[in-house]
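> Encoded as structure tokens, here's the structure I'll be asking about.
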Amino acid sequence: MESKMLYEGKAKKIFTTEKANEVMVYFKDDATAFNGEKKGTIASKGVLNNKIASFFFELLGEKGIPHHFIRRVSDREMLVKALTILPVEVVVRNIAAGSLAKRLGLAEGTKMAETIVEMYYKNDELGDPLINQYHIKAMKLATEEQVKTMEDYALAINAILSEYLKGKNLELIDFKLEFGVYEGKVILGDEISPDTCRFWDSVTKEKMDKDRFRRDLGKVEDAYKEVLYRLTGERA
Ligand code: TMP
Ligand code: ASP
């Protein structure tokens with residue numbers, strides 16, 4: 001059976017497979033920022049993010065977090081369960097950075113007294129606006145129970161990843177998750193990578209993520225490679 005492209009996003013393409021309930025994710029090198037205003041490529045990013053995301057899904061799966069990952073098929077391809085993605089992006093923040101620092105006038109690097117969970121409406125035309133549980137219910141983006149599940153998983157994932165990364169001298173500043181429904185249950189989808197997280201070196205506080213691209217800090221590919229190395233011991 002011919003594989004057909006179902007969707008092309010900013011960093012990934014999704015293809016059908018011979019099974020209706022599985023799709024193939026293809027990781028591109030394309031990078032965008034500020035809702036597509038800034039465009040570029042990061043050499044080998046697709047390969048690096050595929051490996052990094054595969055590693056994180058396996059780690060989370062071992063800790064009991066249900067996710068869409070089945071297996072990494074090639075350098076740029078990942079086989080996953082076909083989800084109905086909920087149009088809500090869940091952001092978890094431990095330390096103020098990025099849009100939170102700007103919106104609330106906090107110095108970047110300010111440790112928050114409590115972990116913050118935010119929800120954004122996944123809508124490129126609107127630039128993914130910040131919403132809360134009332135908007136989600138009123139717009140029927142997800143049920144109250146699905147929101148609670150996403151929040152619980154997001155906090156559990158934060159605990160697992162923060163702890164793991166600490167052992168690798170990386171601080172988990174914040175990250176974005178997407179969830180979808182599979183066989184009636186909410187499970188983790190999309191990817192977890194330096195595109196969707198902020199990682200700072202624990203000692204030097206150097207940025208090891210897509211902020212190097214967003215802010216033209218240079219050595220973007222090196223940072224992604226270093227994250228893969230610290231996580232898996234693999235030198236890309
Ligand atoms: P922000 O500070 O720009 O709101 O980003 C918070 C986190 O979410 C950060 O780790 C980057 C990630 N993120 C995405 O993965 N996709 C996006 O479209 C945005 C805006 C942020
Ligand atoms: N906002 C995303 C980011 O900065 C990318 C984009 O929207 O173009 O990660």
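Order determines the names: the first chain of the structure tokens is A, the second B, and so forth; residues in each chain are numbered 1 upward, and ligands are numbered 1 upward as they are shown.
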List all protein, DNA and RNA residues that have an atom no more than 8 Å from any atom of ligand 1, counting only C-alpha atoms and all ligand atoms, and report them as a PDB file with N, CA and C atoms, in the first residue's frame.


```
ATOM      1  N   ALA A  33      10.230  29.932  14.394  1.00  0.00           N
ATOM      2  CA  ALA A  33      10.033  30.528  15.716  1.00  0.00           C
ATOM      3  C   ALA A  33       9.036  31.669  15.566  1.00  0.00           C
ATOM      4  N   PHE A  34       8.465  32.054  16.703  1.00  0.00           N
ATOM      5  CA  PHE A  34       7.515  33.174  16.735  1.00  0.00           C
ATOM      6  C   PHE A  34       6.383  32.939  15.736  1.00  0.00           C
ATOM      7  N   ASN A  35       5.770  31.768  15.861  1.00  0.00           N
ATOM      8  CA  ASN A  35       4.643  31.381  15.019  1.00  0.00           C
ATOM      9  C   ASN A  35       4.974  31.469  13.523  1.00  0.00           C
ATOM     10  N   VAL A  91       1.814  23.576  28.658  1.00  0.00           N
ATOM     11  CA  VAL A  91       3.172  24.030  28.971  1.00  0.00           C
ATOM     12  C   VAL A  91       3.393  23.943  30.483  1.00  0.00           C
ATOM     13  N   VAL A  92       4.508  23.351  30.869  1.00  0.00           N
ATOM     14  CA  VAL A  92       4.889  23.240  32.274  1.00  0.00           C
ATOM     15  C   VAL A  92       6.127  24.106  32.486  1.00  0.00           C
ATOM     16  N   ARG A  93       6.116  24.901  33.573  1.00  0.00           N
ATOM     17  CA  ARG A  93       7.228  25.821  33.812  1.00  0.00           C
ATOM     18  C   ARG A  93       7.736  25.716  35.255  1.00  0.00           C
ATOM     19  N   ALA A  97      10.965  31.924  32.037  1.00  0.00           N
ATOM     20  CA  ALA A  97      11.719  32.169  30.802  1.00  0.00           C
ATOM     21  C   ALA A  97      10.704  32.480  29.712  1.00  0.00           C
ATOM     22  N   GLY A  98      11.197  32.869  28.559  1.00  0.00           N
ATOM     23  CA  GLY A  98      10.358  33.023  27.379  1.00  0.00           C
ATOM     24  C   GLY A  98       9.143  33.898  27.603  1.00  0.00           C
ATOM     25  N   SER A  99       7.991  33.413  27.126  1.00  0.00           N
ATOM     26  CA  SER A  99       6.777  34.248  27.152  1.00  0.00           C
ATOM     27  C   SER A  99       6.283  34.514  28.567  1.00  0.00           C
ATOM     28  N   LEU A 100       6.553  33.610  29.499  1.00  0.00           N
ATOM     29  CA  LEU A 100       6.111  33.852  30.888  1.00  0.00           C
ATOM     30  C   LEU A 100       6.881  35.019  31.493  1.00  0.00           C
ATOM     31  N   ALA A 101       8.198  35.012  31.295  1.00  0.00           N
ATOM     32  CA  ALA A 101       9.043  36.083  31.833  1.00  0.00           C
ATOM     33  C   ALA A 101       8.576  37.433  31.278  1.00  0.00           C
ATOM     34  N   ASP A 128      -1.573  30.483  18.730  1.00  0.00           N
ATOM     35  CA  ASP A 128      -1.664  29.662  19.958  1.00  0.00           C
ATOM     36  C   ASP A 128      -1.908  30.511  21.217  1.00  0.00           C
ATOM     37  N   ILE A 173      13.825  23.798  32.416  1.00  0.00           N
ATOM     38  CA  ILE A 173      13.234  25.117  32.683  1.00  0.00           C
ATOM     39  C   ILE A 173      11.732  25.098  32.417  1.00  0.00           C
ATOM     40  N   ASP A 174      11.362  24.669  31.212  1.00  0.00           N
ATOM     41  CA  ASP A 174       9.945  24.546  30.833  1.00  0.00           C
ATOM     42  C   ASP A 174       9.840  23.637  29.626  1.00  0.00           C
ATOM     43  N   PHE A 175       8.626  23.237  29.296  1.00  0.00           N
ATOM     44  CA  PHE A 175       8.419  22.390  28.112  1.00  0.00           C
ATOM     45  C   PHE A 175       6.960  22.386  27.713  1.00  0.00           C
ATOM     46  N   LYS A 176       6.725  21.949  26.486  1.00  0.00           N
ATOM     47  CA  LYS A 176       5.372  21.901  25.916  1.00  0.00           C
ATOM     48  C   LYS A 176       5.001  20.471  25.560  1.00  0.00           C
ATOM     49  N   LEU A 177       3.786  20.083  25.888  1.00  0.00           N
ATOM     50  CA  LEU A 177       3.304  18.737  25.565  1.00  0.00           C
ATOM     51  C   LEU A 177       2.024  18.822  24.744  1.00  0.00           C
ATOM     52  N   PRO A 194      14.656  19.280  22.152  1.00  0.00           N
ATOM     53  CA  PRO A 194      15.107  20.668  22.393  1.00  0.00           C
ATOM     54  C   PRO A 194      14.272  21.705  21.632  1.00  0.00           C
ATOM     55  N   ASP A 195      13.421  21.248  20.688  1.00  0.00           N
ATOM     56  CA  ASP A 195      12.483  22.175  20.039  1.00  0.00           C
ATOM     57  C   ASP A 195      11.350  22.551  20.994  1.00  0.00           C
ATOM     58  N   THR A 196      11.000  21.653  21.871  1.00  0.00           N
ATOM     59  CA  THR A 196       9.789  21.824  22.688  1.00  0.00           C
ATOM     60  C   THR A 196      10.073  21.994  24.181  1.00  0.00           C
ATOM     61  N   CYS A 197      11.349  22.048  24.527  1.00  0.00           N
ATOM     62  CA  CYS A 197      11.735  22.206  25.938  1.00  0.00           C
ATOM     63  C   CYS A 197      12.786  23.305  26.044  1.00  0.00           C
ATOM     64  N   ARG A 198      12.961  23.845  27.236  1.00  0.00           N
ATOM     65  CA  ARG A 198      14.160  24.635  27.525  1.00  0.00           C
ATOM     66  C   ARG A 198      15.016  23.830  28.494  1.00  0.00           C
ATOM     67  N   LYS A 210      16.235  25.191  21.593  1.00  0.00           N
ATOM     68  CA  LYS A 210      15.872  26.002  20.431  1.00  0.00           C
ATOM     69  C   LYS A 210      15.988  27.501  20.670  1.00  0.00           C
TER      70      LYS A 210
END
```

> Within chain A, find each residue whose DSSP state, derived from the backbone, is strand (DSSP E or B), and express the selection as a ChimeraX atom specification.

/A:5-8,12-16,22-27,30-33,38-41,67,69-72,77-81,84-95,111-121,130-131,170-182,185-188,197-201,207

> Nearest to A:Thr115 among A:Ile85, A:Thr41, A:Glu2, A:Glu151, with distances taken over only C-alpha atoms: which residue is it?

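Checking each of A:Ile85, A:Thr41, A:Glu2, A:Glu151 against A:Thr115, counting only C-alpha atoms, the winner is A:Glu151.
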
> Can you pull out the residues contacting stretch 133-145 of chain A? Cut-off 10 Å, using only C-alpha atoms, and skip same-chain residues under 6 positions away; I want them as a PyMOL selection string.

chain A and resi 86-88+118-122+151+180+186

> List the spatial neighbours of A:Ser202 as a PyMOL selection string - criterion: any atom at most 12 Å away, only C-alpha atoms, same-chain residues fewer than 2 positions off excluded.

chain A and resi 109+162+165-173+199-200+204-208

> Applying 10 Å and only C-alpha atoms, which residues near A:Met24 remain after dropping the ones on its own chain fewer than 2 positions away? List them as a list in words.

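In the requested form, the answer reads Ser3, Lys4, Met5, Leu6, Lys13, Ile14, Phe15, Thr16, Thr17, Glu22, Tyr26, Phe27, Ile70, Arg71, Arg72, Val73, Arg76, Glu77, Met78, Leu79, Val80, Lys81 and Ala82 of chain A.
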
> Quick one, how far is atom CA of A:Asp190 from atom CA of A:Asp30?

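The value is 16.0 Å.
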
> Between A:Lys12, A:Lys185, A:Lys51, A:Lys148, which is the closest to A:Ala236 once you count only C-alpha atoms?

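Closest candidate: A:Lys51.
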
> Taking the DSSP assignment computed from this structure's backbone, write out as a ChimeraX atom specification all residues of stretch 87-152 of chain A that belong to alpha helix (DSSP H).

/A:98-104,133-138,144-152

> With only C-alpha atoms as the atoms that count, which of A:Ala154, A:Ala159, A:Val47, A:Val23 lies nearest to A:Phe69?

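Distance minimum relative to A:Phe69 lands on A:Val23.
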
> Which is closer to ligand 2 than all the others in A:Val147, A:Leu126, A:Ile52, A:Ile95, using only C-alpha atoms and all ligand atoms?

A:Leu126

> Go through A:Lys102, A:Leu188, A:Leu48, A:His68 one by one, measure the shortest atom-to-atom distance of each to A:Arg235 using only C-alpha atoms, and give the residue with the smallest value.

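When distances to A:Arg235 are compared using only C-alpha atoms, the smallest one comes from A:Leu48.
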
> What is the atom CA of A:Phe55-atom CA of A:Asp29 distance in Å, reported with one decimal?

18.7 Å

> For atom CA of A:Arg215 and atom CA of A:Asn158, determine how far apart the two atoms are, in Å to one decimal place.

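These two atoms are separated by 25.0 Å.
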
> Quick one: of A:Glu8, A:Glu191, A:Glu37, A:Glu18, who's nearest to ligand 2, counting only C-alpha atoms and all ligand atoms?

A:Glu37
